[in-house]
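Reproduced below: start08.txt, with compact mmCIF, C-alpha atoms.
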# COMPACT_ATOMS: atom_id res chain seq x y z
CA MET L 57 29.07 37.32 -19.43
CA ALA L 58 26.62 34.45 -19.84
CA ASP L 59 22.95 35.34 -20.21
CA ASP L 60 21.38 33.61 -17.22
CA THR L 61 17.93 35.22 -17.36
CA LYS L 62 16.41 32.57 -19.63
CA ARG L 63 17.92 29.48 -18.00
CA SER L 64 15.92 26.75 -16.23
CA PRO L 65 16.14 26.91 -12.41
CA HIS L 66 18.22 23.71 -12.18
CA ASP L 67 20.82 25.00 -14.68
CA LEU L 68 23.00 26.56 -11.97
CA GLY L 69 26.50 26.37 -13.47
CA GLY L 70 28.27 29.73 -13.76
CA VAL L 71 25.38 31.78 -12.37
CA ALA L 72 26.82 34.95 -10.80
CA LYS L 73 24.43 35.06 -7.82
CA PHE L 74 25.82 31.77 -6.50
CA MET L 75 29.46 32.86 -6.83
CA CYS L 76 29.90 34.09 -3.26
CA GLU L 77 28.16 31.14 -1.61
CA ALA L 78 30.48 28.61 0.01
CA VAL L 79 30.14 25.15 -1.51
CA ASP L 80 29.04 22.53 1.02
CA ILE L 81 31.58 19.74 0.60
CA GLU L 82 30.92 17.96 3.91
CA PRO L 83 29.94 14.28 3.58
CA HIS L 84 26.23 13.68 4.22
CA ALA L 85 24.94 10.54 5.92
CA LEU L 86 22.13 8.87 3.98
CA THR L 87 18.80 8.51 5.78
CA ALA L 88 16.57 5.42 5.50
CA PHE L 89 14.32 7.53 3.24
CA ASP L 90 17.27 8.40 0.96
CA ARG L 91 18.21 4.72 0.63
CA GLU L 92 14.63 3.72 -0.10
CA VAL L 93 14.27 6.34 -2.85
CA ASP L 94 17.59 5.28 -4.38
CA ALA L 95 16.53 1.62 -4.35
CA LEU L 96 13.13 2.41 -5.87
CA SER L 97 14.76 4.38 -8.67
CA GLY L 98 17.15 1.46 -9.33
CA VAL L 99 14.26 -1.01 -9.53
CA LEU L 100 12.32 1.22 -11.96
CA ARG L 101 15.36 1.55 -14.23
CA ALA L 102 16.18 -2.19 -14.03
CA LYS L 103 12.57 -3.00 -14.99
CA GLN L 104 12.79 -0.45 -17.84
CA MET L 105 9.88 1.53 -16.44
CA MET L 106 11.83 4.79 -16.35
CA THR L 107 15.07 6.02 -17.95
CA VAL L 108 17.61 8.25 -16.22
CA ASP L 109 16.65 10.94 -18.75
CA GLU L 110 13.00 10.80 -17.68
CA MET L 111 14.14 10.97 -14.07
CA ARG L 112 16.19 14.12 -14.84
CA ARG L 113 13.28 15.69 -16.73
CA GLY L 114 11.05 15.22 -13.69
CA ILE L 115 13.61 16.82 -11.37
CA GLU L 116 14.13 19.76 -13.72
CA ALA L 117 10.37 20.37 -13.89
CA ILE L 118 10.15 21.16 -10.15
CA PRO L 119 9.28 24.87 -9.69
CA GLU L 120 12.26 26.99 -8.58
CA ALA L 121 11.19 27.78 -5.00
CA GLU L 122 10.49 24.12 -4.26
CA TYR L 123 13.60 22.96 -6.08
CA HIS L 124 15.84 24.88 -3.70
CA ARG L 125 13.82 23.85 -0.64
CA LEU L 126 13.76 20.10 -1.35
CA SER L 127 16.62 17.79 -0.41
CA TYR L 128 18.42 15.82 -3.13
CA TYR L 129 16.36 12.65 -2.61
CA ARG L 130 13.11 14.57 -2.12
CA ARG L 131 13.66 15.92 -5.65
CA TRP L 132 14.12 12.32 -6.79
CA ILE L 133 10.90 11.08 -5.19
CA ARG L 134 8.99 13.99 -6.75
CA SER L 135 10.30 12.95 -10.16
CA LEU L 136 9.57 9.26 -9.56
CA ALA L 137 5.98 10.04 -8.59
CA ASP L 138 5.58 12.37 -11.58
CA ASN L 139 6.90 9.73 -14.00
CA LEU L 140 4.80 6.89 -12.55
CA LEU L 141 1.65 9.03 -12.73
CA ARG L 142 2.43 10.15 -16.32
CA LYS L 143 2.84 6.54 -17.42
CA GLY L 144 -0.24 5.36 -15.55
CA ILE L 145 1.81 2.79 -13.61
CA VAL L 146 0.37 4.36 -10.46
CA THR L 147 -2.91 6.29 -10.40
CA GLU L 148 -3.43 9.48 -8.43
CA ALA L 149 -6.01 7.67 -6.25
CA GLU L 150 -3.54 4.89 -5.47
CA LEU L 151 -0.83 7.39 -4.57
CA ARG L 152 -3.20 9.35 -2.29
CA ALA L 153 -4.37 6.13 -0.58
CA ALA L 154 -0.77 4.99 -0.01
CA LEU L 155 0.18 8.39 1.44
CA GLU L 156 -2.78 8.28 3.83
CA GLU L 157 -1.70 4.85 5.09
CA THR L 158 1.70 6.13 6.20
CA MET B 242 29.82 12.77 -37.64
CA ARG B 243 29.93 16.34 -38.94
CA PHE B 244 32.91 17.80 -37.04
CA SER B 245 36.57 16.82 -36.58
CA PRO B 246 39.02 17.62 -33.77
CA GLY B 247 40.23 21.22 -34.09
CA ASP B 248 37.09 22.50 -35.88
CA ALA B 249 35.78 25.86 -34.69
CA VAL B 250 32.11 25.69 -33.65
CA THR B 251 29.44 27.97 -32.22
CA VAL B 252 26.84 26.75 -29.73
CA LYS B 253 23.32 27.60 -30.90
CA ASP B 254 21.87 30.67 -29.18
CA ASP B 255 18.59 28.85 -28.67
CA TRP B 256 16.46 28.75 -25.50
CA PRO B 257 13.97 25.86 -25.78
CA GLU B 258 13.37 26.06 -22.00
CA THR B 259 11.52 29.37 -22.58
CA ARG B 260 9.06 27.66 -24.93
CA GLY B 261 7.78 24.77 -22.81
CA PRO B 262 8.82 21.62 -20.94
CA VAL B 263 12.18 20.29 -22.18
CA HIS B 264 15.20 18.32 -21.04
CA ILE B 265 18.40 19.78 -22.50
CA ARG B 266 21.99 19.02 -21.62
CA THR B 267 23.62 22.13 -23.10
CA PRO B 268 24.39 24.51 -20.19
CA HIS B 269 22.88 28.00 -20.53
CA TYR B 270 26.28 29.68 -20.18
CA LEU B 271 27.51 28.23 -23.49
CA ARG B 272 24.67 29.40 -25.74
CA GLY B 273 25.98 31.54 -28.58
CA HIS B 274 29.63 31.03 -27.61
CA LYS B 275 32.53 29.91 -29.79
CA GLY B 276 34.51 26.79 -28.98
CA ARG B 277 36.72 24.15 -30.56
CA ILE B 278 36.07 20.44 -31.08
CA LEU B 279 38.44 18.36 -28.93
CA ARG B 280 37.21 14.85 -29.68
CA TYR B 281 34.28 12.77 -30.86
CA LEU B 282 32.81 10.72 -27.99
CA GLY B 283 30.44 8.39 -29.85
CA HIS B 284 26.76 8.59 -30.75
CA TYR B 285 23.84 8.11 -28.39
CA PRO B 286 20.04 8.30 -28.47
CA ASN B 287 19.06 11.96 -28.07
CA PRO B 288 18.36 12.51 -24.33
CA GLU B 289 15.98 15.36 -25.23
CA ASP B 290 13.60 12.70 -26.60
CA LEU B 291 14.46 9.91 -24.12
CA ALA B 292 13.41 12.26 -21.32
CA PHE B 293 9.84 12.20 -22.67
CA ALA B 294 9.87 8.47 -23.63
CA ARG B 295 9.77 9.47 -27.32
CA PRO B 296 11.61 7.54 -30.06
CA ALA B 297 15.15 8.95 -29.94
CA ALA B 298 17.44 9.22 -32.99
CA GLU B 299 21.16 8.79 -32.33
CA ARG B 300 23.22 12.00 -32.18
CA SER B 301 26.98 12.51 -32.22
CA LEU B 302 28.50 13.73 -28.97
CA TYR B 303 31.71 15.77 -28.73
CA HIS B 304 34.02 17.23 -26.15
CA VAL B 305 34.10 20.95 -26.95
CA ALA B 306 36.67 23.32 -25.38
CA PHE B 307 35.88 26.99 -24.65
CA PRO B 308 38.43 29.61 -23.54
CA MET B 309 37.43 30.49 -19.95
CA GLN B 310 37.53 34.22 -20.72
CA GLU B 311 35.13 33.74 -23.64
CA LEU B 312 32.55 32.72 -21.00
CA TRP B 313 33.54 34.81 -17.96
CA PRO B 314 35.76 37.92 -18.22
CA ASP B 315 37.41 37.18 -14.86
CA GLY B 316 38.41 33.64 -15.90
CA GLY B 317 42.05 32.52 -16.09
CA LYS B 318 43.79 33.60 -19.32
CA ASP B 319 45.01 30.11 -20.27
CA ASP B 320 42.12 28.13 -18.76
CA GLU B 321 39.54 26.21 -20.77
CA VAL B 322 36.11 24.78 -19.99
CA VAL B 323 35.47 21.38 -21.61
CA VAL B 324 31.84 20.30 -22.02
CA GLU B 325 30.09 17.36 -23.69
CA ILE B 326 27.76 18.76 -26.37
CA TYR B 327 25.50 16.99 -28.86
CA GLU B 328 26.00 17.78 -32.55
CA HIS B 329 22.58 19.34 -33.11
CA TRP B 330 23.56 22.15 -30.71
CA LEU B 331 26.66 23.06 -32.78
CA ASP B 332 27.05 25.22 -35.90
CA GLN B 333 30.00 26.29 -38.00
CA PRO B 334 30.93 29.83 -36.88

Represent the structure contained in this file as structure tokens.
Amino acid sequence: MADDTKRSPHDLGGVAKFMCEAVDIEPHALTAFDREVDALSGVLRAKQMMTVDEMRRGIEAIPEAEYHRLSYYRRWIRSLADNLLRKGIVTEAELRAALEET
Amino acid sequence: MRFSPGDAVTVKDDWPETRGPVHIRTPHYLRGHKGRILRYLGHYPNPEDLAFARPAAERSLYHVAFPMQELWPDGGKDDEVVVEIYEHWLDQP
């Protein structure tokens, strides 16, 4: 049996505790938020400000409890924010100010 | 390119995720397991470095087949799992 005690939280394949959970295969309608996050990620990649690998790294770095709580696109926006802050494209002050405006 | 189709290989029993922030594309359930090279898929900049915006050397990528029961005892007898694995994760058994 695979050793799944040392895995990262996102590395879910073949983990026994998920075996008895039904897989949700229903189609999900995209929200306006989902579309906006997808578009933003496309723009950042087209402008070579972030690679898909950096995007994945940011998603995989989300702590386990939050990872399971966040929706698919909320994980994306967390990674986008993390990458933009790391690169200094957006400062923490700018991000806070923008969040307060909304 | 170090391996050819049909070569027996072992996936490194290494756990970089326990040592700090990483991005690795070798699933945990394959570490330390024996498989067989199916085909060479080309060479690509190492995603483990791309993920941190570091200079990334090109690495060979292979399709590697694993007998299902080698991974999970309740797997089908004749079933295989095929996974894309970068060369630096593979050793000769």

Taking a cut-off of 9 Å and counting all atoms listed in the file, can you build a table that, for each residue of chain L near chain B, reports the nearest atom pair and how far apart they are in Å (one decimal), sorted by chain then residue number, as CSV?
residue,atom,partner,partner_atom,distance
L:Met57,CA,B:Trp313,CA,5.3
L:Ala58,CA,B:Tyr270,CA,4.8
L:Asp59,CA,B:Tyr270,CA,6.6
L:Asp60,CA,B:His269,CA,6.7
L:Lys62,CA,B:Thr259,CA,6.5
L:Arg63,CA,B:His269,CA,5.8
L:Ser64,CA,B:Glu258,CA,6.3
L:Asp67,CA,B:Pro268,CA,6.6
L:Leu68,CA,B:Pro268,CA,8.6
L:Gly69,CA,B:Pro268,CA,7.3
L:Gly70,CA,B:Tyr270,CA,6.7
L:Val71,CA,B:Tyr270,CA,8.1
L:Met106,CA,B:Ala294,CA,8.4
L:Thr107,CA,B:Ala292,CA,7.3
L:Val108,CA,B:Ala292,CA,7.7
L:Asp109,CA,B:Ala292,CA,4.3
L:Glu110,CA,B:Ala292,CA,3.9
L:Met111,CA,B:Ala292,CA,7.4
L:Arg112,CA,B:Ala292,CA,7.3
L:Arg113,CA,B:His264,CA,5.4
L:Gly114,CA,B:Ala292,CA,8.5
L:Glu116,CA,B:His264,CA,7.5
L:Ala117,CA,B:Pro262,CA,7.3

- Taking all atoms listed in the file into account, which of L:Ile81, L:His66, L:Met105, L:Ser127 comes nearest Ile145 in chain L?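 The answer is L:Met105, which sits nearest to Ile145 in chain L.
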
- Could you check how far CA of Leu140 in chain L sits from CA of Glu156 in chain L, in Å to one decimal?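 About the pair CA of Leu140 in chain L and CA of Glu156 in chain L: they are 18.1 Å apart.
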
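If you measure from each of B:His329, B:Arg277, B:Lys318, B:Arg300 to Lys253 in chain B using only C-alpha atoms, the closest one turns out to be B:His329.
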
- Coordinates-based distance that separates CA of Ala249 in chain B from CA of Pro334 in chain B (Å, one decimal): 6.6 Å

Neighbours of Gly247 in chain B within 10 Å (all atoms listed in the file; same-chain residues fewer than 6 positions away dropped), as a compact mmCIF listing (two decimals) with C-alpha atoms, in the frame of the given file?
# COMPACT_ATOMS: atom_id res chain seq x y z
CA GLY B 276 34.51 26.79 -28.98
CA ARG B 277 36.72 24.15 -30.56
CA ILE B 278 36.07 20.44 -31.08
CA LEU B 279 38.44 18.36 -28.93
CA ARG B 280 37.21 14.85 -29.68
CA VAL B 305 34.10 20.95 -26.95
CA ALA B 306 36.67 23.32 -25.38

- Message: Quick one: residues within 7 Å of Ser135 in chain L, all atoms listed in the file, excluding same-chain residues fewer than 3 positions away - as a ChimeraX atom specification?
- Response: /L:111,114-115,131-132,138-139
